[in-house]
4 protein chains.
Amino acid sequence: MSFQLPAYIPPDFNRPVFSAAPTVAFKPVVQSGVAPENYHGTSIYPEYFQVRKNEWRLLTESRMDCVVVLNPDGSLQVTEFRRLKKGDPVACGRKENGEEGIFVHQDAFSFPHRTDDKFVFRSQRTRETSFSIDYDELYGLLNHERRHGFIVWVLGPAAAFDHDSRLAFTALIESGYVHALLAGNALATHDVEGALFGTALGQELYSKRRVILGHYKHLDAINAIRSAGSIANAVSRGLVSGGIMHAAIQMGIPLVLAGSIRDDGPMPEVIGDVYRAQDEMRALTRRATTVIALATQLHAIAAGNLLPSYTVKDDRIRPVYFYMVDMSEYAVSKLSDRGSLTARSILTNVQDFVVTVERGLRERREACRCGPSAEAFSGA
Amino acid sequence: MSFQLPAYIPPDFNRPVFSAAPTVAFKPVVQSGVAPENYHGTSIYPEYFQVRKNEWRLLTESRMDCVVVLNPDGSLQVTEFRRLKKGDPVACGRKENGEEGIFVHQDAFSFPHRTDDKFVFRSQRTRETSFSIDYDELYGLLNHERRHGFIVWVLGPAAAFDHDSRLAFTALIESGYVHALLAGNALATHDVEGALFGTALGQELYSKRRVILGHYKHLDAINAIRSAGSIANAVSRGLVSGGIMHAAIQMGIPLVLAGSIRDDGPMPEVIGDVYRAQDEMRALTRRATTVIALATQLHAIAAGNLLPSYTVKDDRIRPVYFYMVDMSEYAVSKLSDRGSLTARSILTNVQDFVVTVERGLRERREACRCGPSAEAFSGA
Amino acid sequence: MSFQLPAYIPPDFNRPVFSAAPTVAFKPVVQSGVAPENYHGTSIYPEYFQVRKNEWRLLTESRMDCVVVLNPDGSLQVTEFRRLKKGDPVACGRKENGEEGIFVHQDAFSFPHRTDDKFVFRSQRTRETSFSIDYDELYGLLNHERRHGFIVWVLGPAAAFDHDSRLAFTALIESGYVHALLAGNALATHDVEGALFGTALGQELYSKRRVILGHYKHLDAINAIRSAGSIANAVSRGLVSGGIMHAAIQMGIPLVLAGSIRDDGPMPEVIGDVYRAQDEMRALTRRATTVIALATQLHAIAAGNLLPSYTVKDDRIRPVYFYMVDMSEYAVSKLSDRGSLTARSILTNVQDFVVTVERGLRERREACRCGPSAEAFSGA
Amino acid sequence: MSFQLPAYIPPDFNRPVFSAAPTVAFKPVVQSGVAPENYHGTSIYPEYFQVRKNEWRLLTESRMDCVVVLNPDGSLQVTEFRRLKKGDPVACGRKENGEEGIFVHQDAFSFPHRTDDKFVFRSQRTRETSFSIDYDELYGLLNHERRHGFIVWVLGPAAAFDHDSRLAFTALIESGYVHALLAGNALATHDVEGALFGTALGQELYSKRRVILGHYKHLDAINAIRSAGSIANAVSRGLVSGGIMHAAIQMGIPLVLAGSIRDDGPMPEVIGDVYRAQDEMRALTRRATTVIALATQLHAIAAGNLLPSYTVKDDRIRPVYFYMVDMSEYAVSKLSDRGSLTARSILTNVQDFVVTVERGLRERREACRCGPSAEAFSGA
């Protein structure tokens with residue numbers, strides 16, 4: 001299945017509602033960190049602001065539930081409440097249809113091939129929802145994004161507990177399908193415990209045999225890395241010579257490890273201030289074209305909050321795809337509120353998911369290499 | 001990983017408790033369908049009854065929560081309460097250590113390779129429990145059982161909803177890994193709907209597009225089969241030319257479709273009397289050496305109730321393996337009461353499980369065929 | 001909150017589509033148990049059939065996924081496929097808007113008080129959905145139905161495992177809130193085990209202490225009842241002197257215990273043929289005005305399949321309410337397909353639910369008795 | 001049920017293993033934040049260290065997975081790895097039986113009344129586990145702790161979404177059952193949204209009707225509080241005049257709101273640095289005698305990590321009770337690793353739990369007030 005980016009359908013600003021619309025009102029921030037009354041809150045959709053008569057400007061690098069600040073240079077910036085400075089001019093107006101100079105563009109893309117996408121995609125997904133087509137579409141998408149997009153993975157620790165899925169995720173990194181990694185202290189700790197001792201929470205990774213003093217292993221792993229100064233140091237010194245962290249660091253993949261109140265340690269790279277961590281995550285999700293969140297409610301919802309449904313890449317407005325893989329209908333129900341055609345959930349165990357995706361991508365690459373169009377991939 | 005049957009450790013009946021033990025007491029049934037007081041209820045373990053002094057006889061074809069009847073020919077029969085006839089002699093005694101002539105042999109097998117199996121195996125499994133080794137062991141087991149055992153699959157309808165898993169299960173049947181099939185009306189209906197119309201509950205199997213009048217499709221499927229007289233007739237006439245039912249019938253796989261109060265239709269082969277269905281199921285589980293239950297609580301628990309932890313096959317006492325694959329810790333917690341080393345649960349979506357197992361088995365067969373021992377499989 | 005039945009909004013059969021419509025076509029059954037081609041399948045909604053020009057007749061005692069047979073006396077009967085006899089005239093036509101003489105009336109009731117019911121009611125419910133109003137509405141509903149309706153409860157075994165909820169459910173029966181009971185062998189067995197031995201699966205009901213030979217208790221309970229001939233006999237002889245079964249039998253509540261392939265025993269009252277059990281269940285759901293299903297997927301879905309969204313009671317067309325109480329979003333997702341304003345799910349543990357509902361109803365009755373309108377209840 | 005603290009069973013340090021034991025070895029920290037090799041990691045159990053020959057000193061204010069530092073004044077301090085300073089002497093040794101001068105005392109309390117507590121308590125809990133006795137024991141416990149202990153509640157946002165449970169929790173605060181509160185930005189935001197607008201995520205709290213521009217309500221709530229400077233300011237100015245936050249602040253309950261990467265806003269009181277938040281949480285859990293965690297995996301596990309199974313209160317060594325209330329077996333399985341008799345899970349919806357507990361406690365208080373010992377409570 002060859003992947004095609006859906007075309008963007010620009011709004012027709014010649015329609016009367018737009019012609020009659022005022023320019024958007026900006027009100028100054030009176031108290032830092034507090035938005036003026038009637039502030040406009042952003043959505044996940046492309047939004048246009050009429051900053052000058054007949055000039056409707058698209059928000060770039062948007063984020064849900066933020067406000068829009070007019071920069072001195074005339075550009076628009078999507079900003080968290082906590083970053084507002086006294087005097088910042090904030091876009092005001094809560095109507096979304098243009099009549100206050102603000103237009104939220106909900107059906108912006110021409111998704112191919114499916115006549116009744118809306119119904120099927122927006123209906124509730126359960127463990128019984130079939131997903132063969134989702135895998136195939138994902139292979140097509142990821143093979144496109146590998147060279148033309150920016151794929152951000154959000155990982156819960158479960159991906160590192162299992163022997164096969166840990167190897168498979170490492171292979172995904174090494175084959176170029178991982179452009180950024182968002183995770184927490186637990187993923188790093190369990191993966192490094194695997195690298196140092198071959199165990200996860202004191203059980204041998206593959207055999208699940210408990211080792212002697214196994215309950216010390218995750219603490220020993222943290223202590224060893226703290227002693228080395230960082231995971232990166234431990235990798236460069238050869239202490240950590242395999243696994244997900246090793247591969248990510250060796251490949252130079254940008255990585256945000258966000259702290260949480262559950263953490264032991266923490267690992268040196270973990271960012272203890274969650275709002276700084278959020279900023280670092282957003283620096284990566286701004287560039288994201290596809291995000292895949294595996295078995296973590298906390299980090300998946302956090303990434304979802306940061307992620308618009310569209311982005312501008314190479315001067316083209318395109319969708320941002322968001323996949324959430326989890327075992328529980330409850331967890332993925334959080335995602336369904338996005339109401340977006342580009343958000344999908346797959347209800348399964350991430351161990352199977354990672355192994356299956358890695359194999360599916362590998363097989364398709366190999367099939368291509370054998371065929372006449374192999375050279376098309378030579379630059380990859 | 002090459003599979004080896006664990007050795008059976010026979011009880012040492014020379015121990016004093018056994019030497020001092022009486023023969024087991026039998027009391028006659030006074031009222032048909034009712035056991036006499038102090039009846040002995042069977043377990044999943046090998047049980048020995050001292051029917052004559054120094055003759056401890058093993059129960060064969062056992063089943064949990066039943067009673068033991070002495071046949072006129074001196075053999076012992078594990079019988080459901082509802083089958084007791086007035087006058088049947090029923091084994092009595094509730095002590096399990098031999099002192100009433102009854103010995104329940106709980107640690108009967110020498111499981112290889114794992115020093116602390118008990119702890120690891122009996123501890124609670126969750127979605128985070130890694131399962132690479134379980135897949136590998138299962139491949140080894142199934143490749144052994146394919147030729148030397150009797151593999152019974154218990155299927156919920158989810159296995160038939162997904163394009164890839166439906167094909168994969170069909171391939172499992174065709175490659176000889178399925179020796180019997182237990183399911184319900186829903187599995188048969190959805191699979192046949194797929195065969196007749198390419199849909200599952202009115203959505204195209206692969207694309208998930210809703211078809212026109214899709215909500216009629218499962219009724220139309222049932223009606224068509226009822227018109228043909230049976231699924232088997234529909235297969236032989238070429239009406240049903242693919243899918244799980246087709247493959248099972250073509251390969252002559254014994255099949256029990258047990259009715260439930262949820263059923264529409266039902267399909268002609270479905271057995272409406274659940275106790276007769278149970279008997280038919282037990283006729284197959286008596287022969288089972290491995291049972292794999294996928295995404296069905298009702299049928300999985302029913303099969304588990306019928307299944308002892310051991311069987312006698314080719315004059316050898318061997319374990320019966322029981323796998324349960326489900327998405328919910330709650331569902332598989334029902335299994336953990338078995339407390340048996342041969343019962344395992346895998347928490348994942350059966351769609352992934354079936355596809356992964358079929359591929360894993362196929363790859364291992366192909367690897368073998370390339371090697372020097374290929375001829376060993378030529379008869380398979 | 002005083003409960004009011006929503007008004008029925010009859011279709012306007014003067015509309016052109018109806019005036020122009022033909023009478024409905026009936027085709028005879030050619031093969032018993034098989035519907036003729038193009039048969040009309042029933043829905044949960046009120047359906048009208050134009051049997052003679054300008055005579056649109058409402059289906060009474062409907063049931064989803066069945067067919068409609070014209071009786072010799074000119075009345076219409078909603079019939080399962082399996083009951084069709086050769087020669088039966090079956091209504092044909094799959095258009096639902098009247099143009100084939102068949103009209104499916106989807107928005108039939110004027111639900112009070114809520115402007116945007118549709119959205120709120122039809123959106124997905126999770127464990128985080130608040131339910132204070134649902135309890136209050138349920139109290140109002142049940143106090144109405146207690147005297148003017150027919151309340152059917154569908155019980156999983158969990159309701160009988162807990163000391164408080166078992167007592168509370170018994171109190172609901174004794175106070176007149178239970179007009180029929182649908183359950184399985186497990187509910188009866190665990191409840192009777194409690195009555196005979198004070199245990200549930202061998203643990204003391206309240207203290208949860210395991211008793212000696214506890215694993216025999218459920219078998220002993222079944223055996224004792226089988227010896228007595230029936231639960232009813234055991235109640236009348238005083239063997240079973242408390243609990244849910246006792247209360248139901250003492251109060252003369254109609255009761256269907258449907259068999260399943262999981263059953264031990266079974267209890268004598270259990271109906272082993274599931275299609276006969278379905279018929280017995282439908283005999284009760286025909287009369288139902290409210291159904292409440294607790295912690296049982298099998299029986300809840302079975303009841304839901306039997307249940308239309310409306311009924312005719314005292315010559316009035318009124319909704320049938322259907323509540324499903326379960327711990328899992330997955331389980332209640334099965335209900336959401338009904339797409340009906342009268343179907344609701346509450347995600348909680350039935351132990352809490354039963355205790356809370358019994359207390360809420362009792363407190364409201366007591367509040368009433370203290371007030372001036374106490375006499376209104378004197379006849380209850 | 002009147003509650004009694006179980007007696008502490010002190011270790012018998014006259015046993016040979018203790019007499020022969022060396023004093024515990026301390027090694028200095030070489031690199032700040034890094035423990036020396038062979039450091040001893042703490043457990044949840046009472047631990048004794050032989051600091052001088054025949055002087056076995058108990059750890060007070062312990063915490064799992066930390067290290068033990070010898071203070072200059074000779075006292076022992078349980079310290080997180082990240083707080084270690086160069087030169088700190090850290091207790092070393094991984095044997096737990098005393099032979100290295102360290103004794104981990106696992107069965108330290110004489111729990112009353114239950115002969116086979118261990119088995120029952122440690123076995124797996126599911127939604128079907130009955131909990132009448134757990135409620136009753138909890139009432140006894142909380143009525144004791146209200147005056148003699150320190151009760152810490154850990155709250156997920158679900159407790160604030162429901163009209164009745166929000167009122168009930170407020171009543172628990174006002175009646176003295178809440179001595180400290182641990183939560184996150186979401187709980188505070190949804191509760192304050194309720195106080196300011198009567199909504200939760202834009203739906204009216206009780207009726208669940210969506211209000212106009214409802215998706216702005218949580219942002220408006222955060223913005224209003226940020227404008228007021230703090231929730232406390234908003235309470236003192238009368239802006240926030242009801243709900244959980246209001247009650248806690250009015251009663252002077254210590255409160256830690258820990259940040260997470262999911263947060264919008266955040267509310268001013270939220271601590272963005274998770275390790276500082278952890279320290280603030282531990283300042284409260286050090287004093288805790290009972291902790292009850294409701295519907296939050298993140299905060300519940302965090303609290304569990306901070307919490308030992310015992311504490312020293314009024315010179316008495318007593319257990320610390322830990323309850324976790326959640327809908328999912330998976331969530332509470334995280335707790336079962338504690339393997340402690342004082343840790344229990346209740347599988348239900350917290351909405352029901354909070355309402356039930358508040359009513360149960362109130363009824364018992366009222367029953368007491370009517371009786372002769374009413375004055376005993378007059379000072380409460």
# chains A, B, ... in the order shown; residues from 1 in each chain; ligands from 1
$ residues_around --residues "segment 141-151 of chain A" --least-positions-apart "4" --cutoff "7 Å" --atoms "only C-alpha atoms" --output "NGL selection string"
:A and (3 or 137 or 176-180 or 287-291 or 380)
$ interface_residues --of "chain B" --to "chain C" --cutoff "6 Å" --atoms "only C-alpha atoms" --output "ChimeraX atom specification"
/B:34,223,227,260-262,272-274,278,302
$ select_by_dssp --residues "segment 195-295 of chain B" --states "strand (DSSP E)" --output "list in words"
Thr199, Ala200, Gln203, Glu204, Leu255, Val256, Leu257, Ala258, Thr290, Val291, Ile292, Ala293 and Leu294 of chain B
$ residues_around --residues "Phe13 of chain A" --least-positions-apart "5" --cutoff "10 Å" --atoms "only C-alpha atoms" --output "PyMOL selection string"
chain A and resi 18-19+54-56+98+103
$ write_last_selection --atoms "all heavy atoms" --output "PDB file, in the first residue's frame"
ATOM      1  N   PHE A  18     -16.237  35.746   5.689  1.00  0.00           N
ATOM      2  CA  PHE A  18     -14.862  36.209   5.835  1.00  0.00           C
ATOM      3  C   PHE A  18     -14.708  37.657   5.380  1.00  0.00           C
ATOM      4  O   PHE A  18     -14.016  38.458   6.004  1.00  0.00           O
ATOM      5  CB  PHE A  18     -13.916  35.293   5.045  1.00  0.00           C
ATOM      6  CG  PHE A  18     -13.899  33.888   5.571  1.00  0.00           C
ATOM      7  CD1 PHE A  18     -14.249  32.821   4.763  1.00  0.00           C
ATOM      8  CD2 PHE A  18     -13.540  33.633   6.889  1.00  0.00           C
ATOM      9  CE1 PHE A  18     -14.231  31.522   5.254  1.00  0.00           C
ATOM     10  CE2 PHE A  18     -13.521  32.336   7.383  1.00  0.00           C
ATOM     11  CZ  PHE A  18     -13.875  31.278   6.555  1.00  0.00           C
ATOM     12  N   SER A  19     -15.357  37.992   4.244  1.00  0.00           N
ATOM     13  CA  SER A  19     -15.253  39.356   3.723  1.00  0.00           C
ATOM     14  C   SER A  19     -15.788  40.357   4.751  1.00  0.00           C
ATOM     15  O   SER A  19     -15.238  41.447   4.925  1.00  0.00           O
ATOM     16  CB  SER A  19     -16.059  39.507   2.436  1.00  0.00           C
ATOM     17  OG  SER A  19     -15.972  38.338   1.660  1.00  0.00           O
ATOM     18  N   ASN A  54      -8.209  41.166   4.885  1.00  0.00           N
ATOM     19  CA  ASN A  54      -7.932  40.241   3.776  1.00  0.00           C
ATOM     20  C   ASN A  54      -6.616  39.468   3.915  1.00  0.00           C
ATOM     21  O   ASN A  54      -6.216  38.782   2.984  1.00  0.00           O
ATOM     22  CB  ASN A  54      -7.973  40.955   2.422  1.00  0.00           C
ATOM     23  CG  ASN A  54      -9.379  41.454   2.139  1.00  0.00           C
ATOM     24  OD1 ASN A  54     -10.348  40.780   2.465  1.00  0.00           O
ATOM     25  ND2 ASN A  54      -9.481  42.656   1.582  1.00  0.00           N
ATOM     26  N   GLU A  55      -6.003  39.578   5.047  1.00  0.00           N
ATOM     27  CA  GLU A  55      -4.824  38.732   5.276  1.00  0.00           C
ATOM     28  C   GLU A  55      -5.110  37.762   6.416  1.00  0.00           C
ATOM     29  O   GLU A  55      -5.045  38.133   7.592  1.00  0.00           O
ATOM     30  CB  GLU A  55      -3.596  39.595   5.593  1.00  0.00           C
ATOM     31  CG  GLU A  55      -2.359  38.715   5.740  1.00  0.00           C
ATOM     32  CD  GLU A  55      -1.120  39.518   6.108  1.00  0.00           C
ATOM     33  OE1 GLU A  55      -1.113  40.743   5.887  1.00  0.00           O
ATOM     34  OE2 GLU A  55      -0.181  38.903   6.648  1.00  0.00           O
ATOM     35  N   TRP A  56      -5.482  36.538   6.034  1.00  0.00           N
ATOM     36  CA  TRP A  56      -5.766  35.484   7.018  1.00  0.00           C
ATOM     37  C   TRP A  56      -4.511  34.653   7.182  1.00  0.00           C
ATOM     38  O   TRP A  56      -4.073  33.987   6.251  1.00  0.00           O
ATOM     39  CB  TRP A  56      -6.933  34.614   6.538  1.00  0.00           C
ATOM     40  CG  TRP A  56      -8.247  35.334   6.532  1.00  0.00           C
ATOM     41  CD1 TRP A  56      -8.733  36.142   5.543  1.00  0.00           C
ATOM     42  CD2 TRP A  56      -9.224  35.344   7.575  1.00  0.00           C
ATOM     43  NE1 TRP A  56      -9.955  36.649   5.893  1.00  0.00           N
ATOM     44  CE2 TRP A  56     -10.298  36.162   7.145  1.00  0.00           C
ATOM     45  CE3 TRP A  56      -9.309  34.738   8.839  1.00  0.00           C
ATOM     46  CZ2 TRP A  56     -11.426  36.396   7.938  1.00  0.00           C
ATOM     47  CZ3 TRP A  56     -10.445  34.951   9.600  1.00  0.00           C
ATOM     48  CH2 TRP A  56     -11.493  35.785   9.158  1.00  0.00           C
ATOM     49  N   GLY A  98     -15.057  32.594  11.855  1.00  0.00           N
ATOM     50  CA  GLY A  98     -14.513  33.717  11.101  1.00  0.00           C
ATOM     51  C   GLY A  98     -15.079  35.065  11.482  1.00  0.00           C
ATOM     52  O   GLY A  98     -14.429  36.091  11.270  1.00  0.00           O
ATOM     53  N   PHE A 103     -10.699  31.844  12.313  1.00  0.00           N
ATOM     54  CA  PHE A 103     -11.362  30.723  11.653  1.00  0.00           C
ATOM     55  C   PHE A 103     -10.658  29.416  12.008  1.00  0.00           C
ATOM     56  O   PHE A 103      -9.461  29.248  11.789  1.00  0.00           O
ATOM     57  CB  PHE A 103     -11.370  30.911  10.133  1.00  0.00           C
ATOM     58  CG  PHE A 103     -12.021  29.746   9.427  1.00  0.00           C
ATOM     59  CD1 PHE A 103     -13.358  29.436   9.655  1.00  0.00           C
ATOM     60  CD2 PHE A 103     -11.299  28.947   8.557  1.00  0.00           C
ATOM     61  CE1 PHE A 103     -13.960  28.353   9.026  1.00  0.00           C
ATOM     62  CE2 PHE A 103     -11.893  27.859   7.926  1.00  0.00           C
ATOM     63  CZ  PHE A 103     -13.235  27.573   8.163  1.00  0.00           C
TER      64      PHE A 103
END
$ residues_around --residues "Leu76 of chain B" --least-positions-apart "2" --cutoff "12 Å" --atoms "only C-alpha atoms" --output "ChimeraX atom specification"
/B:24,26,47-51,56-62,67-74,78-79,88-91
$ residues_around --residues "Lys53 of chain C" --least-positions-apart "6" --cutoff "9 Å" --atoms "only C-alpha atoms" --output "list of chain:residue names"
C:Ser19, C:Ala21, C:Pro22, C:Thr23
$ write_last_selection --atoms "C-alpha atoms" --output "short mmCIF file (atom, residue, chain, number, x, y, z; two decimals), in the first residue's frame"
data_model
loop_
_atom_site.label_atom_id
_atom_site.label_comp_id
_atom_site.auth_asym_id
_atom_site.auth_seq_id
_atom_site.Cartn_x
_atom_site.Cartn_y
_atom_site.Cartn_z
CA SER C 19 -49.87 7.72 1.42
CA ALA C 21 -46.69 3.38 0.04
CA PRO C 22 -47.86 -0.09 -0.94
CA THR C 23 -49.01 -2.58 1.64
#
$ residues_around --residues "segment 8-11 of chain B" --least-positions-apart "2" --cutoff "10 Å" --atoms "only C-alpha atoms" --output "PyMOL selection string"
chain B and resi 5-6+13-15+18+46+48+56+103-105+107-111+310+316-319
